[in-house]
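Q: Next up, coords21.cif (mmCIF, C-alpha atoms).
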data_final
loop_
_atom_site.label_atom_id
_atom_site.label_comp_id
_atom_site.auth_asym_id
_atom_site.auth_seq_id
_atom_site.Cartn_x
_atom_site.Cartn_y
_atom_site.Cartn_z
CA MET A 1 0.00 0.00 0.00
CA LYS A 2 1.29 3.46 -0.88
CA LYS A 3 2.32 5.80 1.90
CA GLN A 4 0.20 8.94 2.03
CA VAL A 5 2.63 11.87 2.26
CA ALA A 6 1.83 15.50 2.98
CA VAL A 7 4.50 17.71 1.37
CA ILE A 8 4.39 21.29 2.66
CA PHE A 9 6.14 24.19 0.91
CA GLY A 10 6.14 27.98 0.51
CA GLY A 11 5.72 29.75 3.83
CA LYS A 12 5.73 33.29 5.20
CA SER A 13 9.52 33.60 5.37
CA SER A 14 11.92 35.52 3.15
CA GLU A 15 12.88 32.13 1.70
CA HIS A 16 9.45 31.48 0.20
CA GLU A 17 10.75 31.37 -3.39
CA VAL A 18 13.61 29.03 -2.49
CA SER A 19 11.11 26.64 -0.93
CA CYS A 20 9.02 26.65 -4.11
CA HIS A 21 12.09 25.66 -6.11
CA SER A 22 13.16 23.06 -3.53
CA VAL A 23 9.81 21.28 -3.46
CA LEU A 24 9.86 20.63 -7.19
CA ASN A 25 13.14 18.77 -6.79
CA VAL A 26 11.87 16.86 -3.75
CA ILE A 27 8.73 15.74 -5.60
CA LYS A 28 10.92 14.11 -8.27
CA GLY A 29 12.37 11.85 -5.59
CA PHE A 30 9.08 10.27 -4.54
CA SER A 31 8.54 6.97 -6.32
CA PRO A 32 4.91 6.86 -7.58
CA GLU A 33 4.88 3.13 -6.77
CA LYS A 34 5.59 3.82 -3.08
CA TYR A 35 4.01 7.17 -2.30
CA GLU A 36 0.91 9.22 -2.95
CA ILE A 37 1.73 12.92 -2.56
CA HIS A 38 -0.60 15.58 -1.18
CA LEU A 39 0.80 19.06 -1.72
CA ILE A 40 0.08 21.88 0.71
CA GLY A 41 1.31 25.35 -0.18
CA ILE A 42 1.53 28.17 2.34
CA THR A 43 1.33 31.60 0.75
CA LYS A 44 3.43 34.59 1.79
CA GLU A 45 0.37 35.85 3.65
CA GLY A 46 0.12 32.59 5.58
CA GLN A 47 -2.84 30.99 3.79
CA TRP A 48 -2.75 27.17 3.59
CA LEU A 49 -3.89 25.83 0.21
CA TYR A 50 -4.33 22.40 -1.31
CA VAL A 51 -2.19 22.26 -4.47
CA PRO A 52 -3.53 19.85 -7.10
CA SER A 53 -0.39 19.47 -9.22
CA PRO A 54 3.31 20.40 -9.40
CA GLN A 55 2.63 22.27 -12.65
CA THR A 56 0.82 24.98 -10.71
CA ILE A 57 3.97 25.45 -8.60
CA GLU A 58 6.10 25.83 -11.71
CA ASP A 59 3.89 28.59 -13.14
CA GLY A 60 3.04 30.13 -9.76
CA SER A 61 -0.72 29.74 -10.18
CA TRP A 62 -1.07 27.59 -7.03
CA VAL A 63 -1.49 30.78 -4.96
CA GLU A 64 -4.84 31.34 -6.71
CA GLY A 65 -6.23 28.09 -5.29
CA LYS A 66 -9.51 28.10 -3.39
CA GLU A 67 -9.32 24.93 -1.30
CA THR A 68 -7.95 25.39 2.21
CA ALA A 69 -5.78 22.52 3.48
CA ILE A 70 -4.46 22.30 7.02
CA ILE A 71 -2.62 19.73 9.14
CA SER A 72 -4.82 18.99 12.14
CA PRO A 73 -3.07 19.03 15.54
CA ASP A 74 -5.76 16.61 16.78
CA ALA A 75 -3.87 13.39 17.49
CA VAL A 76 -7.05 11.28 17.44
CA LYS A 77 -8.36 12.58 14.13
CA SER A 78 -5.09 13.63 12.54
CA GLY A 79 -4.46 14.24 8.87
CA ILE A 80 -5.14 16.89 6.27
CA TYR A 81 -8.47 18.70 6.50
CA LEU A 82 -9.66 20.08 3.18
CA CYS A 83 -12.27 22.81 3.05
CA HIS A 84 -13.96 22.64 -0.35
CA GLU A 85 -15.53 25.64 -2.04
CA GLU A 86 -18.96 24.17 -1.34
CA GLY A 87 -18.19 24.56 2.37
CA HIS A 88 -17.89 20.90 3.40
CA PHE A 89 -14.80 19.34 4.95
CA GLU A 90 -12.90 16.23 3.95
CA ARG A 91 -10.23 14.45 6.02
CA ILE A 92 -7.32 12.72 4.32
CA LYS A 93 -5.36 10.35 6.53
CA ILE A 94 -1.62 10.94 6.30
CA ASP A 95 1.22 8.53 7.07
CA VAL A 96 4.12 10.98 7.03
CA ILE A 97 4.76 14.71 6.67
CA PHE A 98 7.64 16.04 4.58
CA PRO A 99 8.13 19.79 5.16
CA VAL A 100 10.09 21.63 2.49
CA LEU A 101 10.00 24.93 4.33
CA HIS A 102 12.97 27.21 4.91
CA GLY A 103 13.32 30.06 7.37
CA LYS A 104 10.83 31.49 9.84
CA PHE A 105 7.69 29.49 10.64
CA GLY A 106 9.05 26.50 8.73
CA GLU A 107 12.53 25.76 10.01
CA ASP A 108 12.40 27.36 13.46
CA GLY A 109 10.36 24.80 15.41
CA THR A 110 7.02 26.56 14.92
CA ILE A 111 5.42 24.12 12.49
CA GLN A 112 7.30 21.19 14.03
CA GLY A 113 5.20 21.81 17.16
CA VAL A 114 2.04 21.25 15.10
CA PHE A 115 3.51 18.02 13.73
CA GLU A 116 4.35 16.81 17.25
CA MET A 117 0.79 17.50 18.43
CA SER A 118 -0.67 15.64 15.46
CA GLY A 119 1.35 12.51 16.21
CA ILE A 120 2.12 12.04 12.50
CA PRO A 121 5.72 11.02 11.73
CA TYR A 122 7.60 13.85 10.04
CA VAL A 123 10.90 14.42 8.28
CA GLY A 124 13.44 16.80 9.77
CA CYS A 125 14.65 18.09 13.09
CA GLY A 126 12.34 18.47 16.08
CA VAL A 127 11.13 21.55 17.92
CA LEU A 128 14.21 22.18 20.08
CA SER A 129 16.87 21.51 17.46
CA SER A 130 14.97 23.51 14.84
CA SER A 131 14.53 26.57 17.05
CA VAL A 132 18.08 26.52 18.44
CA SER A 133 19.67 26.01 15.02
CA MET A 134 17.54 28.64 13.31
CA ASP A 135 18.65 31.24 15.84
CA LYS A 136 22.34 31.85 15.15
CA ILE A 137 23.02 33.44 18.54
CA SER A 138 21.53 30.44 20.36
CA THR A 139 23.55 28.04 18.20
CA LYS A 140 26.72 29.85 19.28
CA VAL A 141 25.94 29.07 22.93
CA PHE A 142 25.43 25.34 22.25
CA VAL A 143 28.55 24.96 20.09
CA GLU A 144 30.69 26.86 22.58
CA LYS A 145 30.32 23.90 24.97
CA LEU A 146 31.94 21.58 22.40
CA GLY A 147 35.18 23.54 22.24
CA ILE A 148 34.88 23.86 18.47
CA ARG A 149 36.24 27.14 17.18
CA GLN A 150 33.73 29.64 15.84
CA ALA A 151 33.98 33.28 14.80
CA LYS A 152 34.11 35.83 17.61
CA PHE A 153 30.88 37.79 17.80
CA VAL A 154 28.78 40.56 19.29
CA ALA A 155 25.00 40.19 19.68
CA ASP A 156 22.43 42.99 19.55
CA ILE A 157 19.15 41.62 20.93
CA ALA A 158 17.32 44.91 21.45
CA PRO A 159 13.84 45.05 19.90
CA ASP A 160 14.84 48.21 18.03
CA LEU A 161 17.95 50.32 17.31
CA SER A 162 18.12 51.74 20.86
CA LEU A 163 21.38 49.89 21.67
CA LEU A 164 23.04 50.61 18.34
CA GLU A 165 25.69 52.96 19.77
CA GLU A 166 26.62 50.42 22.42
CA THR A 167 26.74 47.64 19.82
CA VAL A 168 29.04 49.66 17.55
CA GLN A 169 31.38 50.31 20.47
CA GLN A 170 31.52 46.60 21.37
CA VAL A 171 32.22 45.65 17.77
CA GLU A 172 35.07 48.14 17.47
CA GLU A 173 36.61 47.05 20.78
CA LYS A 174 36.16 43.29 20.42
CA LEU A 175 36.18 42.57 16.68
CA GLY A 176 37.38 45.48 14.58
CA TYR A 177 36.55 45.75 10.89
CA PRO A 178 35.52 44.20 8.59
CA VAL A 179 32.62 42.28 10.11
CA PHE A 180 29.61 40.36 8.85
CA VAL A 181 26.18 41.35 10.12
CA LYS A 182 23.39 38.77 10.09
CA PRO A 183 19.81 38.50 11.32
CA SER A 184 19.95 35.86 14.05
CA ASN A 185 16.83 34.16 12.77
CA ALA A 186 16.86 34.08 8.96
CA GLY A 187 18.36 31.94 6.24
CA SER A 188 19.59 31.83 2.63
CA SER A 189 21.81 34.81 3.47
CA CYS A 190 18.78 37.12 3.63
CA GLY A 191 19.64 40.43 5.30
CA VAL A 192 23.36 39.62 5.55
CA SER A 193 25.87 42.43 4.96
CA LYS A 194 29.58 43.04 5.17
CA ALA A 195 30.62 46.20 7.04
CA GLU A 196 34.03 47.80 6.51
CA ASN A 197 33.54 50.80 8.81
CA ARG A 198 31.22 52.42 11.36
CA ASP A 199 28.79 53.90 8.82
CA GLU A 200 28.41 50.59 7.01
CA LEU A 201 27.95 48.77 10.33
CA ILE A 202 25.10 51.09 11.35
CA GLU A 203 23.44 50.56 7.97
CA ALA A 204 23.97 46.78 8.12
CA VAL A 205 22.46 46.43 11.61
CA ALA A 206 19.42 48.43 10.52
CA LEU A 207 18.98 46.15 7.50
CA ALA A 208 19.37 42.97 9.58
CA LYS A 209 16.75 44.17 12.07
CA LYS A 210 14.22 44.33 9.25
CA HIS A 211 14.49 40.54 9.17
CA ASP A 212 14.91 39.88 12.90
CA THR A 213 15.33 42.05 15.99
CA ARG A 214 18.16 39.76 17.19
CA VAL A 215 21.31 40.56 15.21
CA LEU A 216 24.64 38.75 15.13
CA ILE A 217 27.87 40.59 14.23
CA GLU A 218 30.86 38.35 13.54
CA GLU A 219 34.53 38.81 12.84
CA MET A 220 35.51 38.14 9.25
CA ILE A 221 37.15 34.77 8.66
CA VAL A 222 39.27 34.65 5.50
CA GLY A 223 39.17 31.14 4.13
CA HIS A 224 37.38 28.44 2.23
CA GLU A 225 33.60 28.22 2.70
CA VAL A 226 32.74 24.55 3.09
CA GLU A 227 29.65 22.53 3.90
CA CYS A 228 28.94 19.04 5.17
CA ALA A 229 25.63 17.17 4.97
CA VAL A 230 24.47 14.95 7.83
CA LEU A 231 21.75 12.34 7.59
CA GLY A 232 20.15 9.93 10.01
CA GLY A 233 18.17 9.42 13.15
CA ASN A 234 19.80 7.11 15.64
CA ASP A 235 22.76 6.44 13.33
CA VAL A 236 24.08 9.73 11.93
CA LYS A 237 26.28 9.79 8.84
CA ALA A 238 28.31 12.65 7.38
CA SER A 239 28.85 13.24 3.67
CA LYS A 240 31.96 14.36 1.87
CA ILE A 241 32.86 18.05 2.00
CA GLY A 242 31.55 20.59 -0.48
CA GLU A 243 33.28 23.91 -1.09
CA VAL A 244 31.37 27.03 -2.06
CA VAL A 245 33.01 29.20 -4.70
CA ALA A 246 31.01 32.41 -4.64
CA ALA A 247 30.80 34.68 -7.68
CA ALA A 248 30.32 37.69 -5.41
CA GLU A 249 32.59 38.90 -2.60
CA PHE A 250 30.64 36.68 -0.24
CA TYR A 251 27.92 34.08 -0.63
CA ASP A 252 24.88 36.33 -0.22
CA TYR A 253 21.34 35.53 -1.44
CA ASP A 254 21.96 36.88 -4.95
CA ALA A 255 25.26 35.03 -5.36
CA LYS A 256 23.65 31.84 -4.09
CA TYR A 257 20.54 31.75 -6.29
CA ASN A 258 20.87 34.31 -9.09
CA ASN A 259 24.51 34.30 -10.17
CA ALA A 260 25.47 31.47 -12.53
CA GLU A 261 29.16 32.08 -11.78
CA SER A 262 28.74 30.76 -8.23
CA LYS A 263 29.57 27.07 -8.03
CA THR A 264 30.25 24.22 -5.66
CA VAL A 265 33.11 21.74 -5.64
CA ILE A 266 32.62 18.30 -4.09
CA ASP A 267 35.56 16.90 -2.11
CA PRO A 268 37.97 19.75 -2.98
CA ASP A 269 41.59 18.71 -3.36
CA THR A 270 42.66 22.09 -1.97
CA LEU A 271 41.94 20.84 1.56
CA PRO A 272 44.06 18.29 3.47
CA GLU A 273 42.35 14.97 4.20
CA ALA A 274 42.82 15.49 7.94
CA THR A 275 40.94 18.80 7.69
CA LYS A 276 38.08 17.17 5.79
CA GLU A 277 37.82 14.46 8.43
CA GLU A 278 37.78 17.07 11.20
CA ILE A 279 34.91 18.87 9.44
CA ARG A 280 32.93 15.63 9.15
CA LYS A 281 33.52 14.82 12.82
CA ASP A 282 32.58 18.36 13.94
CA ALA A 283 29.45 18.35 11.77
CA VAL A 284 28.11 15.23 13.49
CA ALA A 285 29.09 16.55 16.94
CA ILE A 286 27.29 19.86 16.36
CA PHE A 287 24.23 18.08 14.94
CA LYS A 288 24.02 15.93 18.06
CA ALA A 289 24.69 18.86 20.41
CA VAL A 290 21.57 20.68 19.19
CA SER A 291 19.55 17.41 19.35
CA GLY A 292 19.46 17.20 15.56
CA PHE A 293 17.50 14.43 13.85
CA SER A 294 16.92 13.37 10.26
CA LEU A 295 18.93 15.94 8.29
CA SER A 296 20.99 19.12 8.42
CA ARG A 297 23.74 20.90 6.53
CA VAL A 298 26.59 22.19 8.67
CA ASP A 299 28.66 25.08 7.31
CA PHE A 300 32.27 25.91 8.16
CA PHE A 301 35.20 28.06 7.16
CA VAL A 302 38.71 26.69 6.74
CA GLU A 303 41.05 29.56 7.55
CA LYS A 304 43.52 30.05 4.72
CA GLU A 305 46.64 30.85 6.72
CA THR A 306 46.22 28.20 9.41
CA ASN A 307 43.89 25.56 7.86
CA GLU A 308 41.93 25.76 11.12
CA VAL A 309 38.29 24.69 10.95
CA VAL A 310 35.84 27.40 12.08
CA PHE A 311 32.14 26.60 12.54
CA ASN A 312 29.76 28.98 10.74
CA GLU A 313 26.15 27.75 11.07
CA ILE A 314 23.80 24.78 10.85
CA ASN A 315 20.74 24.55 8.59
CA THR A 316 18.15 22.01 9.71
CA LEU A 317 16.13 22.14 6.48
CA PRO A 318 18.68 22.89 3.75
CA GLY A 319 17.74 23.77 0.21
CA PHE A 320 16.78 21.03 -2.23
CA THR A 321 16.99 23.04 -5.46
CA ASP A 322 18.97 21.60 -8.37
CA ILE A 323 21.97 23.72 -7.29
CA SER A 324 21.67 23.02 -3.56
CA MET A 325 24.60 21.44 -1.77
CA TYR A 326 22.70 18.94 0.39
CA PRO A 327 21.31 16.66 -2.36
CA MET A 328 24.49 17.12 -4.41
CA LEU A 329 26.67 15.86 -1.56
CA TRP A 330 24.57 12.74 -1.04
CA LYS A 331 24.40 12.09 -4.77
CA ASP A 332 28.20 12.05 -4.77
CA MET A 333 28.03 9.54 -1.90
CA GLY A 334 25.92 7.24 -4.09
CA LEU A 335 22.42 8.22 -2.97
CA SER A 336 20.09 9.22 -5.80
CA ILE A 337 17.36 11.74 -4.98
CA SER A 338 14.88 8.84 -4.72
CA GLN A 339 17.10 6.93 -2.32
CA LEU A 340 17.66 10.09 -0.28
CA ILE A 341 13.91 10.71 -0.03
CA ASP A 342 13.36 7.09 1.06
CA ARG A 343 16.01 7.43 3.76
CA LEU A 344 14.52 10.69 5.02
CA VAL A 345 11.07 9.11 5.23
CA GLU A 346 12.65 6.28 7.24
CA THR A 347 13.98 8.80 9.77
CA ALA A 348 10.44 10.09 10.28
CA TYR A 349 9.45 6.61 11.50
CA GLU A 350 12.66 6.23 13.53
CA ARG A 351 11.62 9.21 15.61
#
The structure in this file should be written as structure tokens.
A:
Amino acid sequence: MKKQVAVIFGGKSSEHEVSCHSVLNVIKGFSPEKYEIHLIGITKEGQWLYVPSPQTIEDGSWVEGKETAIISPDAVKSGIYLCHEEGHFERIKIDVIFPVLHGKFGEDGTIQGVFEMSGIPYVGCGVLSSSVSMDKISTKVFVEKLGIRQAKFVADIAPDLSLLEETVQQVEEKLGYPVFVKPSNAGSSCGVSKAENRDELIEAVALAKKHDTRVLIEEMIVGHEVECAVLGGNDVKASKIGEVVAAAEFYDYDAKYNNAESKTVIDPDTLPEATKEEIRKDAVAIFKAVSGFSLSRVDFFVEKETNEVVFNEINTLPGFTDISMYPMLWKDMGLSISQLIDRLVETAYER
């Protein structure tokens, strides 16, 4: 009997478009002999819609849908509840949920709480690991306990710009310039800026606070940008290393998704084997430290002058577009997209 799978995409975050691209790649991995897919799209306004076919995602017309579709948090009568135009409801029983949601409300533990209440097995990290990993400042605290090197930082957690002068002073005393300024709770490099001086820092903090009131300012690490994919529930495996070669000065949103000159290199020969193994070991350790489960992509720098490994961030629901590192790394390890999807569904049941 086919497994009934609810695949959720879109969302209210700044990564809405990335999710819409990711889900099309994920859908390709579901074997029609094993799974029946039920697509739920969440619009930028937060409306949940039943999506009849992938073609409507490709042309963007899914947002014009009329049928509401929600995951019920009722553990006794769980599943998808469809509200038809005629006004009557229909319940579809679901075996597993596969969220393809990036950023706020999708990767931060919010929707994972709904899944937990429903009792339906789901792919991806749980509430705690999702929320901790989505918030870069919180991740810093967890990783600090492991003794793994990470960039020095200053945090501005004021709800507005009232502490900006104090933040600037701390940055200049502790870090110096240049620095990178990031919203603590955002992804796909949204709202990230490089600041070379005080004026640019002020501007960068203001921009970051448009995405999240909590802002992380980090020292600049000059080195290779590398990523490692982890996969598994009780038995966690690490992939080979992928190196990001950004077309822009740094791997911002535009360089990542809109610049064809940006590329990735699997298992780069520019890095020593011992360094690659350290990255793999650290990736698993960090994944476990934040109570990770199912999948994540862990990002690092390798400092050019010292070859030291420096932790950057962890993404609990990495991109699945055709240029995304996570599926590319596992493909290089011998897992096709179909085999990867099967393994991820298995982790939902392992939980």
Q: Have a look at A:Ser130, A:Gln112, A:Ser22, A:Ser14 and name the one nearest to Tyr326 in chain A; count only C-alpha atoms.
A: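 The shortest atom-to-atom distance to Tyr326 in chain A comes from A:Ser22.
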Q: Just checking: using all atoms listed in the file, which residue out of A:Val127, A:Val132, A:Leu329, A:Leu163 ends up closest to Glu313 in chain A?
A: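 Nearest to Glu313 in chain A: A:Val132.
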Q: Counting all atoms listed in the file, what is within 12 Å of Leu161 in chain A, bar same-chain residues fewer than 4 positions away, as a PyMOL selection string?
A: chain A and resi 156-157+165-168+202-210+212-215
Q: Mind telling me what the PyMOL selection byres ((chain A and resi 19) around 8) catches here, as an MDAnalysis selection string?
A: chainID A and resid 9:11 15:18 20:23 100:102 319
Q: At most 10 Å from (0.8, 16.4, -10.7), file frame, only C-alpha atoms: which residues, as a PDB file with C-alpha atoms, in the coordinates of the input?
A:
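That gives us out18.pdb:
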ATOM      1  CA  ILE A  27       8.730  15.740  -5.600  1.00  0.00           C
ATOM      2  CA  ILE A  37       1.730  12.920  -2.560  1.00  0.00           C
ATOM      3  CA  HIS A  38      -0.600  15.580  -1.180  1.00  0.00           C
ATOM      4  CA  LEU A  39       0.800  19.060  -1.720  1.00  0.00           C
ATOM      5  CA  VAL A  51      -2.190  22.260  -4.470  1.00  0.00           C
ATOM      6  CA  PRO A  52      -3.530  19.850  -7.100  1.00  0.00           C
ATOM      7  CA  SER A  53      -0.390  19.470  -9.220  1.00  0.00           C
ATOM      8  CA  PRO A  54       3.310  20.400  -9.400  1.00  0.00           C
ATOM      9  CA  GLN A  55       2.630  22.270 -12.650  1.00  0.00           C
ATOM     10  CA  THR A  56       0.820  24.980 -10.710  1.00  0.00           C
ATOM     11  CA  ILE A  57       3.970  25.450  -8.600  1.00  0.00           C
TER      12      ILE A  57
END
Q: So that I can see what lies close to Ile80 in chain A, please list as a PDB file with C-alpha atoms, in the coordinates of the input the residues with an atom at most 8 Å from it, counting all atoms listed in the file and leaving out residues fewer than 3 positions away in the same chain.
A:
ATOM      1  CA  ALA A   6       1.830  15.500   2.980  1.00  0.00           C
ATOM      2  CA  ALA A  69      -5.780  22.520   3.480  1.00  0.00           C
ATOM      3  CA  ILE A  70      -4.460  22.300   7.020  1.00  0.00           C
ATOM      4  CA  ILE A  71      -2.620  19.730   9.140  1.00  0.00           C
ATOM      5  CA  SER A  72      -4.820  18.990  12.140  1.00  0.00           C
ATOM      6  CA  ARG A  91     -10.230  14.450   6.020  1.00  0.00           C
ATOM      7  CA  ILE A  92      -7.320  12.720   4.320  1.00  0.00           C
ATOM      8  CA  LYS A  93      -5.360  10.350   6.530  1.00  0.00           C
ATOM      9  CA  ILE A  94      -1.620  10.940   6.300  1.00  0.00           C
TER      10      ILE A  94
END
Q: Distance CA of Val244 in chain A-CA of Lys145 in chain A, one decimal place?
A: 27.2 Å
Q: In Å, with one decimal, what is the gap from CA of Pro178 in chain A to CA of Lys140 in chain A?
A: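 Interatomic distance, CA of Pro178 in chain A to CA of Lys140 in chain A: 19.9 Å.
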Q: Counting only C-alpha atoms, I want the residues whose atoms come within 12 Å of (21.1, 18.8, 21.0) in the file frame, returned as a list of chain:residue names.
A: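 The residues near that point, listed by chain and number, are A:Cys125, A:Gly126, A:Val127, A:Leu128, A:Ser129, A:Ser130, A:Ser131, A:Val132, A:Ser133, A:Ser138, A:Thr139, A:Val141, A:Phe142, A:Val143, A:Lys145, A:Leu146, A:Val284, A:Ala285, A:Ile286, A:Phe287, A:Lys288, A:Ala289, A:Val290, A:Ser291, A:Gly292, A:Phe293.
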Q: Between CA of Gly176 in chain A and CA of Glu219 in chain A, what is the distance, to one decimal in Å?
A: 7.5 Å
Q: Mind telling me what the PyMOL selection byres ((chain A and resi 239) around 7) catches here, as a PyMOL selection string?
A: chain A and resi 228-230+237-238+240-241+329-330+333
Q: Keeping only C-alpha atoms, write those residues as a PDB file, in the frame of the given file.
A:
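New file part_9.pdb:
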ATOM      1  CA  CYS A 228      28.940  19.040   5.170  1.00  0.00           C
ATOM      2  CA  ALA A 229      25.630  17.170   4.970  1.00  0.00           C
ATOM      3  CA  VAL A 230      24.470  14.950   7.830  1.00  0.00           C
ATOM      4  CA  LYS A 237      26.280   9.790   8.840  1.00  0.00           C
ATOM      5  CA  ALA A 238      28.310  12.650   7.380  1.00  0.00           C
ATOM      6  CA  LYS A 240      31.960  14.360   1.870  1.00  0.00           C
ATOM      7  CA  ILE A 241      32.860  18.050   2.000  1.00  0.00           C
ATOM      8  CA  LEU A 329      26.670  15.860  -1.560  1.00  0.00           C
ATOM      9  CA  TRP A 330      24.570  12.740  -1.040  1.00  0.00           C
ATOM     10  CA  MET A 333      28.030   9.540  -1.900  1.00  0.00           C
TER      11      MET A 333
END
Q: Give me the residues within 12 Å of Thr306 in chain A as a list in words, counting only C-alpha atoms and dropping any in the same chain fewer than 3 places off.
A: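 In the requested format, the answer is Ile221, Val222, Gly223, His224, Leu271, Pro272, Thr275, Phe301, Val302, Glu303, Val309 and Val310 of chain A.
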